[in-house]
file structure-v6.txt (compact mmCIF, C-alpha atoms)
# COMPACT_ATOMS: atom_id res chain seq x y z
CA MET E 1 -7.44 -11.53 10.13
CA ARG E 2 -3.80 -11.86 11.22
CA SER E 3 -1.41 -12.53 8.36
CA LEU E 4 2.21 -13.60 8.84
CA ILE E 5 4.64 -13.16 5.96
CA ILE E 6 7.61 -15.44 6.46
CA GLY E 7 10.26 -13.66 4.43
CA GLY E 8 8.48 -10.33 4.87
CA SER E 9 11.54 -8.14 4.31
CA GLY E 10 12.31 -9.55 0.86
CA PHE E 11 11.31 -8.26 -2.56
CA VAL E 12 7.98 -10.11 -2.80
CA GLY E 13 7.32 -10.00 0.94
CA THR E 14 7.62 -6.22 1.11
CA CYS E 15 5.21 -5.82 -1.78
CA LEU E 16 2.78 -8.33 -0.27
CA ALA E 17 2.85 -6.55 3.09
CA THR E 18 2.02 -3.23 1.44
CA HIS E 19 -0.89 -4.80 -0.44
CA LEU E 20 -2.27 -6.45 2.70
CA ILE E 21 -1.97 -3.26 4.74
CA ASP E 22 -3.75 -1.29 2.03
CA SER E 23 -6.51 -3.94 2.12
CA GLY E 24 -6.99 -3.51 5.89
CA HIS E 25 -5.28 -6.68 7.12
CA GLN E 26 -3.29 -7.06 10.33
CA VAL E 27 0.20 -7.97 9.12
CA CYS E 28 3.49 -9.01 10.65
CA GLY E 29 6.56 -10.45 9.01
CA THR E 30 9.90 -12.10 9.51
CA TYR E 31 13.40 -11.27 8.36
CA ARG E 32 16.67 -13.15 8.50
CA ASN E 33 19.55 -10.84 7.65
CA THR E 34 17.93 -7.43 7.53
CA ASP E 35 15.43 -5.46 9.56
CA ARG E 36 14.14 -3.48 6.59
CA GLN E 37 10.59 -2.37 7.31
CA VAL E 38 7.63 -1.93 4.99
CA LYS E 39 4.98 0.71 4.57
CA GLN E 40 3.38 1.84 7.88
CA GLN E 41 5.88 -0.15 9.99
CA ILE E 42 4.54 -3.67 10.50
CA PRO E 43 5.94 -5.74 13.38
CA MET E 44 8.98 -7.71 12.20
CA TYR E 45 10.52 -10.75 13.90
CA LYS E 46 13.97 -12.13 13.24
CA LEU E 47 13.69 -15.76 12.10
CA ASP E 48 15.93 -18.40 10.58
CA VAL E 49 13.54 -20.94 9.05
CA THR E 50 16.23 -23.62 9.21
CA ASN E 51 15.93 -23.50 13.03
CA LYS E 52 12.93 -25.68 13.86
CA LYS E 53 12.55 -24.50 17.46
CA ASP E 54 12.61 -20.84 16.49
CA VAL E 55 9.87 -21.43 13.90
CA PHE E 56 7.74 -23.29 16.45
CA ASP E 57 8.21 -20.60 19.11
CA LEU E 58 7.27 -17.78 16.76
CA LEU E 59 4.12 -19.47 15.47
CA GLN E 60 3.13 -20.33 19.03
CA LYS E 61 3.44 -16.64 19.91
CA ILE E 62 1.67 -15.18 16.86
CA ARG E 63 -0.86 -17.91 16.04
CA PRO E 64 -1.64 -16.38 12.63
CA ASP E 65 -4.81 -16.95 10.64
CA VAL E 66 -2.83 -16.87 7.38
CA ILE E 67 0.80 -17.74 6.64
CA TYR E 68 2.45 -16.64 3.41
CA HIS E 69 5.63 -18.69 3.29
CA LEU E 70 7.97 -16.69 1.04
CA ALA E 71 11.32 -17.28 2.73
CA ALA E 72 13.58 -18.97 0.20
CA GLN E 73 16.90 -19.03 -1.55
CA SER E 74 15.35 -17.99 -4.84
CA SER E 75 18.26 -17.53 -7.23
CA VAL E 76 18.79 -20.33 -9.75
CA ALA E 77 22.38 -19.20 -10.27
CA ARG E 78 23.12 -19.26 -6.55
CA SER E 79 21.55 -22.70 -6.20
CA TRP E 80 24.29 -24.08 -8.44
CA GLU E 81 26.92 -22.42 -6.26
CA ASN E 82 25.44 -23.37 -2.87
CA SER E 83 23.10 -26.33 -3.20
CA GLY E 84 23.24 -27.15 0.52
CA GLU E 85 21.98 -23.74 1.59
CA THR E 86 19.24 -23.89 -1.05
CA MET E 87 18.10 -27.30 0.20
CA ASP E 88 18.16 -26.25 3.86
CA VAL E 89 16.19 -23.05 3.39
CA ASN E 90 13.71 -24.19 0.76
CA VAL E 91 12.95 -27.73 1.94
CA LYS E 92 13.79 -27.91 5.64
CA GLY E 93 12.46 -24.42 6.20
CA SER E 94 9.10 -25.31 4.68
CA LEU E 95 8.94 -28.51 6.69
CA HIS E 96 9.56 -26.58 9.89
CA VAL E 97 6.67 -24.23 9.14
CA LEU E 98 4.28 -27.07 8.31
CA ASP E 99 5.33 -29.11 11.36
CA ALA E 100 4.86 -26.14 13.67
CA VAL E 101 1.33 -25.50 12.38
CA LYS E 102 0.52 -29.22 12.72
CA ASP E 103 2.01 -29.63 16.19
CA LEU E 104 0.37 -26.47 17.50
CA GLN E 105 -2.94 -27.57 15.95
CA LEU E 106 -3.36 -24.17 14.32
CA LYS E 107 -6.06 -23.61 11.72
CA SER E 108 -3.89 -21.30 9.65
CA LYS E 109 -4.31 -21.07 5.91
CA ILE E 110 -0.85 -21.58 4.40
CA LEU E 111 0.44 -20.50 1.00
CA LEU E 112 3.65 -22.22 -0.14
CA THR E 113 5.32 -20.33 -2.96
CA GLY E 114 7.02 -22.47 -5.60
CA SER E 115 8.27 -21.80 -9.10
CA GLY E 116 7.56 -22.41 -12.75
CA GLU E 117 11.11 -23.79 -12.83
CA GLU E 118 9.66 -26.98 -11.33
CA TYR E 119 8.33 -28.05 -14.74
CA GLY E 120 11.85 -28.11 -16.17
CA GLU E 121 12.20 -30.39 -19.18
CA THR E 122 8.41 -30.55 -19.59
CA PHE E 123 8.63 -27.15 -21.32
CA SER E 124 10.41 -28.82 -24.24
CA ARG E 125 7.28 -30.89 -24.93
CA HIS E 126 4.37 -28.67 -23.89
CA ILE E 127 3.91 -24.87 -23.88
CA PRO E 128 2.20 -23.40 -21.92
CA VAL E 129 2.23 -25.85 -19.01
CA THR E 130 -0.74 -26.66 -16.80
CA GLU E 131 -0.66 -27.71 -13.16
CA GLU E 132 -1.34 -31.29 -14.25
CA ASP E 133 1.81 -31.47 -16.37
CA ARG E 134 4.76 -33.47 -15.11
CA VAL E 135 7.40 -31.70 -13.04
CA ALA E 136 10.93 -32.41 -14.27
CA PRO E 137 13.33 -29.99 -12.52
CA ALA E 138 16.46 -29.02 -14.44
CA ASN E 139 18.33 -27.17 -11.68
CA ILE E 140 18.89 -27.39 -7.91
CA TYR E 141 16.53 -24.54 -7.05
CA ALA E 142 13.73 -26.19 -9.04
CA VAL E 143 14.34 -29.52 -7.27
CA THR E 144 13.86 -27.88 -3.87
CA LYS E 145 10.66 -26.15 -4.94
CA ALA E 146 9.22 -29.33 -6.44
CA CYS E 147 9.99 -31.10 -3.16
CA GLN E 148 8.29 -28.32 -1.18
CA ASN E 149 5.20 -28.66 -3.37
CA MET E 150 4.98 -32.42 -2.84
CA ILE E 151 5.43 -32.05 0.91
CA GLY E 152 2.69 -29.41 1.04
CA SER E 153 0.32 -31.67 -0.87
CA ILE E 154 1.06 -34.59 1.46
CA TYR E 155 0.48 -32.51 4.61
CA ALA E 156 -2.81 -31.20 3.22
CA GLN E 157 -4.02 -34.75 2.60
CA ALA E 158 -2.53 -36.59 5.58
CA PHE E 159 -3.21 -34.00 8.27
CA GLN E 160 -6.17 -32.11 6.76
CA MET E 161 -4.14 -28.91 6.80
CA ASP E 162 -5.24 -25.88 4.79
CA VAL E 163 -2.19 -25.71 2.51
CA ARG E 164 -2.32 -24.43 -1.02
CA MET E 165 0.68 -24.12 -3.34
CA VAL E 166 1.64 -21.83 -6.20
CA ARG E 167 4.13 -22.17 -9.02
CA ALA E 168 5.02 -18.56 -9.73
CA PHE E 169 6.79 -17.73 -12.96
CA ASN E 170 9.32 -14.88 -13.30
CA GLN E 171 8.43 -11.99 -11.01
CA ILE E 172 9.85 -8.55 -11.66
CA GLY E 173 9.37 -5.03 -10.35
CA PRO E 174 11.03 -1.98 -8.80
CA GLY E 175 13.24 -2.89 -5.86
CA GLN E 176 14.20 -6.35 -7.11
CA SER E 177 17.75 -7.50 -6.48
CA ALA E 178 20.19 -7.22 -9.37
CA VAL E 179 20.85 -10.94 -8.92
CA PHE E 180 17.91 -11.32 -11.31
CA VAL E 181 18.31 -10.62 -15.01
CA VAL E 182 15.83 -7.80 -15.71
CA SER E 183 16.85 -5.86 -12.62
CA ASP E 184 20.51 -6.45 -13.50
CA PHE E 185 19.98 -4.96 -16.97
CA CYS E 186 18.12 -1.97 -15.51
CA ARG E 187 20.89 -1.35 -13.00
CA GLN E 188 23.54 -1.49 -15.72
CA ALA E 189 21.52 0.94 -17.86
CA ALA E 190 21.19 3.35 -14.91
CA GLN E 191 24.93 3.13 -14.26
CA ILE E 192 25.59 3.98 -17.92
CA GLU E 193 23.22 6.97 -17.78
CA ALA E 194 25.00 8.21 -14.65
CA GLY E 195 28.39 7.89 -16.33
CA LYS E 196 29.51 5.25 -13.84
CA LYS E 197 30.28 2.51 -16.35
CA ASP E 198 31.09 2.09 -20.01
CA ALA E 199 28.09 2.03 -22.35
CA VAL E 200 28.04 -1.77 -22.48
CA ILE E 201 25.54 -4.18 -20.92
CA HIS E 202 26.96 -7.61 -20.22
CA THR E 203 24.50 -10.44 -20.72
CA GLY E 204 23.93 -14.14 -20.43
CA ASN E 205 21.63 -16.11 -22.73
CA LEU E 206 19.43 -13.62 -24.62
CA CYS E 207 17.45 -16.29 -26.49
CA ALA E 208 15.70 -17.72 -23.42
CA ARG E 209 12.00 -16.80 -23.31
CA ARG E 210 10.22 -16.30 -20.01
CA ASP E 211 6.78 -15.47 -18.60
CA PHE E 212 7.34 -12.18 -16.70
CA THR E 213 4.74 -10.84 -14.25
CA ASP E 214 4.85 -7.63 -12.24
CA VAL E 215 5.31 -8.51 -8.56
CA ARG E 216 2.34 -6.32 -7.63
CA ASP E 217 0.10 -8.48 -9.79
CA VAL E 218 1.66 -11.60 -8.28
CA VAL E 219 0.88 -10.64 -4.69
CA ARG E 220 -2.72 -9.87 -5.65
CA ALA E 221 -2.94 -13.43 -6.94
CA TYR E 222 -1.51 -14.77 -3.67
CA VAL E 223 -4.12 -12.98 -1.57
CA LEU E 224 -6.94 -14.09 -3.86
CA LEU E 225 -5.75 -17.70 -3.60
CA ILE E 226 -5.85 -17.50 0.19
CA GLU E 227 -9.42 -16.18 -0.09
CA LYS E 228 -10.70 -18.45 -2.87
CA GLY E 229 -8.21 -21.27 -3.47
CA GLN E 230 -8.64 -24.88 -2.36
CA ALA E 231 -6.54 -26.76 0.18
CA GLY E 232 -4.14 -29.23 -1.40
CA GLU E 233 -4.27 -27.54 -4.83
CA THR E 234 -1.45 -26.01 -6.87
CA TYR E 235 -1.89 -22.91 -9.03
CA ASN E 236 0.32 -21.43 -11.74
CA VAL E 237 0.87 -17.68 -11.43
CA GLY E 238 2.05 -15.88 -14.57
CA THR E 239 0.70 -13.97 -17.55
CA GLY E 240 0.40 -16.89 -19.97
CA ARG E 241 2.74 -15.08 -22.39
CA CYS E 242 6.50 -15.29 -22.81
CA VAL E 243 9.10 -12.84 -24.10
CA SER E 244 12.79 -13.30 -24.85
CA ILE E 245 15.49 -11.88 -22.62
CA GLY E 246 16.79 -10.12 -25.74
CA ASP E 247 13.43 -8.39 -26.20
CA ILE E 248 13.48 -7.30 -22.55
CA LEU E 249 16.91 -5.78 -23.12
CA GLN E 250 15.66 -3.94 -26.19
CA ILE E 251 12.77 -2.42 -24.20
CA ILE E 252 15.33 -1.15 -21.68
CA ARG E 253 17.54 0.27 -24.44
CA ASN E 254 14.49 2.00 -25.94
CA GLN E 255 13.78 3.68 -22.60
CA THR E 256 17.20 5.33 -22.31
CA ASP E 257 18.75 8.01 -24.49
CA ARG E 258 22.20 6.44 -24.36
CA GLU E 259 23.68 4.27 -27.10
CA ILE E 260 24.28 0.94 -25.34
CA ARG E 261 26.29 -1.95 -26.74
CA VAL E 262 25.61 -5.54 -25.76
CA GLU E 263 28.35 -8.03 -24.95
CA PRO E 264 27.96 -11.65 -23.78
CA ASP E 265 29.46 -12.57 -20.40
CA PRO E 266 30.36 -16.27 -19.92
CA LEU E 267 30.00 -15.83 -16.14
CA LYS E 268 26.30 -15.07 -16.62
CA MET E 269 25.62 -18.30 -18.51
CA ARG E 270 23.90 -21.05 -16.50
CA PRO E 271 25.01 -24.70 -16.60
CA SER E 272 21.44 -25.57 -17.66
CA ASP E 273 18.93 -23.16 -19.17
CA ILE E 274 15.40 -24.00 -20.34
CA PRO E 275 14.73 -22.31 -23.72
CA VAL E 276 11.06 -21.37 -23.17
CA MET E 277 8.88 -21.12 -20.06
CA ALA E 278 5.21 -20.07 -20.10
CA ALA E 279 2.28 -20.74 -17.77
CA ASP E 280 -1.25 -21.85 -18.46
CA ILE E 281 -3.12 -19.73 -15.89
CA ARG E 282 -6.69 -20.80 -16.56
CA LYS E 283 -6.99 -22.58 -13.20
CA LEU E 284 -5.97 -19.43 -11.32
CA GLN E 285 -8.33 -17.30 -13.40
CA GLN E 286 -11.28 -19.65 -13.02
CA THR E 287 -10.74 -19.92 -9.27
CA THR E 288 -10.15 -16.27 -8.44
CA GLY E 289 -11.00 -14.09 -11.45
CA TRP E 290 -7.44 -12.71 -11.37
CA GLU E 291 -5.94 -10.98 -14.40
CA PRO E 292 -2.55 -9.23 -14.68
CA GLN E 293 -3.01 -5.44 -14.68
CA ILE E 294 0.48 -3.97 -15.11
CA GLY E 295 2.09 -4.14 -18.55
CA LEU E 296 5.69 -5.16 -19.15
CA GLU E 297 6.86 -1.78 -20.46
CA GLN E 298 5.43 0.01 -17.40
CA THR E 299 7.17 -2.43 -15.08
CA ILE E 300 10.51 -1.98 -16.83
CA ARG E 301 10.14 1.81 -16.83
CA GLU E 302 9.53 1.78 -13.07
CA MET E 303 12.46 -0.59 -12.53
CA LEU E 304 14.73 1.77 -14.46
CA ASP E 305 13.46 4.70 -12.41
CA TYR E 306 14.15 2.76 -9.21
CA TRP E 307 17.78 2.16 -10.20
CA ARG E 308 18.14 5.76 -11.39
CA GLY E 309 17.19 6.83 -7.86
CA VAL E 310 19.70 4.44 -6.31
CA ILE E 311 22.55 5.31 -8.70
CA LYS E 312 22.98 9.07 -8.71
call {"tool": "encode", "arguments": {"input": "structure-v6.txt", "output": "structure tokens"}}
result
Amino acid sequence: MRSLIIGGSGFVGTCLATHLIDSGHQVCGTYRNTDRQVKQQIPMYKLDVTNKKDVFDLLQKIRPDVIYHLAAQSSVARSWENSGETMDVNVKGSLHVLDAVKDLQLKSKILLTGSGEEYGETFSRHIPVTEEDRVAPANIYAVTKACQNMIGSIYAQAFQMDVRMVRAFNQIGPGQSAVFVVSDFCRQAAQIEAGKKDAVIHTGNLCARRDFTDVRDVVRAYVLLIEKGQAGETYNVGTGRCVSIGDILQIIRNQTDREIRVEPDPLKMRPSDIPVMAADIRKLQQTTGWEPQIGLEQTIREMLDYWRGVIK
């Protein structure tokens, strides 16, 4: 089975490629701004998903059995700063992939990766959320992912395409960009340990509670959904539990021998922040039998070790 990971050089894509290789799959991937390779050197193709012709030409060449569409502008904070880029990559890019598969009459199974952020204001009325709950995006990134989900559903119905969608909640793990909060805290802690910054971690909103899942568990869910999921269906991917950002920070402080102060940073505050986000994952579990295997403290310990290796 030939699997194509669009966005294969990114944080999730690299982890997914490793999992697929270890499972005996033929894998290739795409990158946009980097040619970083993954374990055992899979073929990588440069691709800008906002270029429709380039997407068509690549899919015509590869003709994959499975497409994991991970390429995205995935930072909520950045979506406020550059809404146009977020719309182009997340919506137009997905459309270009779906149109290429349709026009080439491929039989590829397609996984579109969305976000728990799509539920937005619904979290204020219902926790945890199910896939049947109303989407009510509260930021630009979430709007683009909700749009992607609706387009995927329409293509599955109108053109009988094998598209399934996920709404993944917060994914964390070693190697994640410091654009994201847990990795940012771990990087700051590693800098403090190395004597490269004052013993202060600067934070945004510590009261927000999120459903954090190790990225290695997430990619297992993605592969299982390709194997066992249904076309046209959406699946939440998370742990079903939420923890505050403040508690995450305390776990990090407990795993270092330095005395670390905490100071709020207004630049890290979002214009809109949902207080609590948690997923109901019964549909995923009933469909695939998936369960998260890696605990939060292990993930954070490995993230700290990653940054300790980077910051020496």
call {"tool": "residues_around", "arguments": {"input": "structure-v6.txt", "residues": "Ile6 of chain E", "least_positions_apart": "5", "cutoff": "8 Å", "atoms": "all atoms listed in the file", "output": "ChimeraX atom specification"}}
result
/E:13,29-31,67-71
call {"tool": "write_last_selection", "arguments": {"input": "structure-v6.txt", "atoms": "C-alpha atoms", "output": "mmCIF file, in the frame of the given file"}}
result
data_model
loop_
_atom_site.group_PDB
_atom_site.id
_atom_site.type_symbol
_atom_site.label_atom_id
_atom_site.label_comp_id
_atom_site.auth_asym_id
_atom_site.auth_seq_id
_atom_site.Cartn_x
_atom_site.Cartn_y
_atom_site.Cartn_z
ATOM 1 C CA GLY E 13 7.320 -10.000 0.940
ATOM 2 C CA GLY E 29 6.560 -10.450 9.010
ATOM 3 C CA THR E 30 9.900 -12.100 9.510
ATOM 4 C CA TYR E 31 13.400 -11.270 8.360
ATOM 5 C CA ILE E 67 0.800 -17.740 6.640
ATOM 6 C CA TYR E 68 2.450 -16.640 3.410
ATOM 7 C CA HIS E 69 5.630 -18.690 3.290
ATOM 8 C CA LEU E 70 7.970 -16.690 1.040
ATOM 9 C CA ALA E 71 11.320 -17.280 2.730
#
call {"tool": "residues_around", "arguments": {"input": "structure-v6.txt", "residues": "Arg2 of chain E", "least_positions_apart": "3", "cutoff": "8 Å", "atoms": "all atoms listed in the file", "output": "PyMOL selection string"}}
result
chain E and resi 25-28+64-66
call {"tool": "closest_residue", "arguments": {"input": "structure-v6.txt", "among": "E:Arg301, E:Lys109, E:Arg209, E:Arg78", "to": "Ser183 of chain E", "atoms": "all atoms listed in the file"}}
result
E:Arg301
call {"tool": "atom_distance", "arguments": {"input": "structure-v6.txt", "atom1": "atom CA of Met1 of chain E", "atom2": "atom CA of Thr14 of chain E"}}
result
18.3 Å
call {"tool": "closest_residue", "arguments": {"input": "structure-v6.txt", "among": "E:Leu20, E:Gly295, E:Leu95, E:Tyr235", "to": "Gly114 of chain E", "atoms": "only C-alpha atoms"}}
result
E:Tyr235
call {"tool": "closest_residue", "arguments": {"input": "structure-v6.txt", "among": "E:Gln285, E:Thr203, E:Thr234, E:Gln171", "to": "Gly246 of chain E", "atoms": "all atoms listed in the file"}}
result
E:Thr203
call {"tool": "closest_atom_pairs", "arguments": {"input": "structure-v6.txt", "of": "segment 166-236 of chain E", "to": "segment 255-279 of chain E", "cutoff": "12 Å", "atoms": "all atoms listed in the file", "output": "Markdown table"}}
result
| residue | atom | partner | partner_atom | distance |
| --- | --- | --- | --- | --- |
| E:Val166 | CA | E:Ala279 | CA | 11.6 |
| E:Arg167 | CA | E:Ala279 | CA | 9.1 |
| E:Ala168 | CA | E:Ala279 | CA | 8.8 |
| E:Phe169 | CA | E:Ala279 | CA | 7.2 |
| E:Asn170 | CA | E:Met277 | CA | 9.2 |
| E:Val179 | CA | E:Lys268 | CA | 10.3 |
| E:Phe180 | CA | E:Lys268 | CA | 10.6 |
| E:Val181 | CA | E:Lys268 | CA | 9.3 |
| E:Asp184 | CA | E:Lys268 | CA | 10.8 |
| E:Phe185 | CA | E:Val262 | CA | 10.5 |
| E:Cys186 | CA | E:Thr256 | CA | 10.0 |
| E:Gln188 | CA | E:Ile260 | CA | 9.9 |
| E:Ala189 | CA | E:Thr256 | CA | 7.6 |
| E:Ala190 | CA | E:Thr256 | CA | 8.6 |
| E:Gln191 | CA | E:Arg258 | CA | 11.0 |
| E:Ile192 | CA | E:Arg258 | CA | 7.7 |
| E:Glu193 | CA | E:Arg258 | CA | 6.7 |
| E:Ala194 | CA | E:Arg258 | CA | 10.3 |
| E:Gly195 | CA | E:Arg258 | CA | 10.2 |
| E:Lys197 | CA | E:Ile260 | CA | 10.9 |
| E:Asp198 | CA | E:Ile260 | CA | 8.7 |
| E:Ala199 | CA | E:Ile260 | CA | 5.0 |
| E:Val200 | CA | E:Arg261 | CA | 4.6 |
| E:Ile201 | CA | E:Val262 | CA | 5.0 |
| E:His202 | CA | E:Glu263 | CA | 4.9 |
| E:Thr203 | CA | E:Pro264 | CA | 4.8 |
| E:Gly204 | CA | E:Lys268 | CA | 4.6 |
| E:Asn205 | CA | E:Met269 | CA | 6.2 |
| E:Leu206 | CA | E:Pro264 | CA | 8.8 |
| E:Cys207 | CA | E:Pro275 | CA | 7.2 |
| E:Ala208 | CA | E:Pro275 | CA | 4.7 |
| E:Arg209 | CA | E:Val276 | CA | 4.7 |
| E:Arg210 | CA | E:Met277 | CA | 5.0 |
| E:Asp211 | CA | E:Ala278 | CA | 5.1 |
| E:Phe212 | CA | E:Ala278 | CA | 8.9 |
| E:Thr213 | CA | E:Ala279 | CA | 10.8 |
| E:Tyr235 | CA | E:Ala279 | CA | 9.9 |
| E:Asn236 | CA | E:Ala279 | CA | 6.4 |
call {"tool": "residues_around", "arguments": {"input": "structure-v6.txt", "residues": "segment 135-143 of chain E", "least_positions_apart": "6", "cutoff": "12 Å", "atoms": "all atoms listed in the file", "output": "ChimeraX atom specification"}}
result
/E:72-91,113-126,129,149-150,167-169,270-275
call {"tool": "atom_distance", "arguments": {"input": "structure-v6.txt", "atom1": "atom CA of Ile226 of chain E", "atom2": "atom CA of Val163 of chain E"}}
result
9.3 Å
call {"tool": "residues_near_point", "arguments": {"input": "structure-v6.txt", "point": "(6.2, -30.8, 3.4)", "cutoff": "12 Å", "atoms": "only C-alpha atoms", "output": "number ranges by chain"}}
result
E: 90-102, 110, 112, 144-159, 161, 163-165, 232
call {"tool": "write_last_selection", "arguments": {"input": "structure-v6.txt", "atoms": "C-alpha atoms", "output": "JSON list (two decimals), in the coordinates of the input"}}
result
[["chain", "number", "residue", "atom", "x", "y", "z"],
["E", 90, "ASN", "CA", 13.71, -24.19, 0.76],
["E", 91, "VAL", "CA", 12.95, -27.73, 1.94],
["E", 92, "LYS", "CA", 13.79, -27.91, 5.64],
["E", 93, "GLY", "CA", 12.46, -24.42, 6.20],
["E", 94, "SER", "CA", 9.10, -25.31, 4.68],
["E", 95, "LEU", "CA", 8.94, -28.51, 6.69],
["E", 96, "HIS", "CA", 9.56, -26.58, 9.89],
["E", 97, "VAL", "CA", 6.67, -24.23, 9.14],
["E", 98, "LEU", "CA", 4.28, -27.07, 8.31],
["E", 99, "ASP", "CA", 5.33, -29.11, 11.36],
["E", 100, "ALA", "CA", 4.86, -26.14, 13.67],
["E", 101, "VAL", "CA", 1.33, -25.50, 12.38],
["E", 102, "LYS", "CA", 0.52, -29.22, 12.72],
["E", 110, "ILE", "CA", -0.85, -21.58, 4.40],
["E", 112, "LEU", "CA", 3.65, -22.22, -0.14],
["E", 144, "THR", "CA", 13.86, -27.88, -3.87],
["E", 145, "LYS", "CA", 10.66, -26.15, -4.94],
["E", 146, "ALA", "CA", 9.22, -29.33, -6.44],
["E", 147, "CYS", "CA", 9.99, -31.10, -3.16],
["E", 148, "GLN", "CA", 8.29, -28.32, -1.18],
["E", 149, "ASN", "CA", 5.20, -28.66, -3.37],
["E", 150, "MET", "CA", 4.98, -32.42, -2.84],
["E", 151, "ILE", "CA", 5.43, -32.05, 0.91],
["E", 152, "GLY", "CA", 2.69, -29.41, 1.04],
["E", 153, "SER", "CA", 0.32, -31.67, -0.87],
["E", 154, "ILE", "CA", 1.06, -34.59, 1.46],
["E", 155, "TYR", "CA", 0.48, -32.51, 4.61],
["E", 156, "ALA", "CA", -2.81, -31.20, 3.22],
["E", 157, "GLN", "CA", -4.02, -34.75, 2.60],
["E", 158, "ALA", "CA", -2.53, -36.59, 5.58],
["E", 159, "PHE", "CA", -3.21, -34.00, 8.27],
["E", 161, "MET", "CA", -4.14, -28.91, 6.80],
["E", 163, "VAL", "CA", -2.19, -25.71, 2.51],
["E", 164, "ARG", "CA", -2.32, -24.43, -1.02],
["E", 165, "MET", "CA", 0.68, -24.12, -3.34],
["E", 232, "GLY", "CA", -4.14, -29.23, -1.40]]
call {"tool": "atom_distance", "arguments": {"input": "structure-v6.txt", "atom1": "atom CA of Val237 of chain E", "atom2": "atom CA of Ile281 of chain E"}}
result
6.3 Å
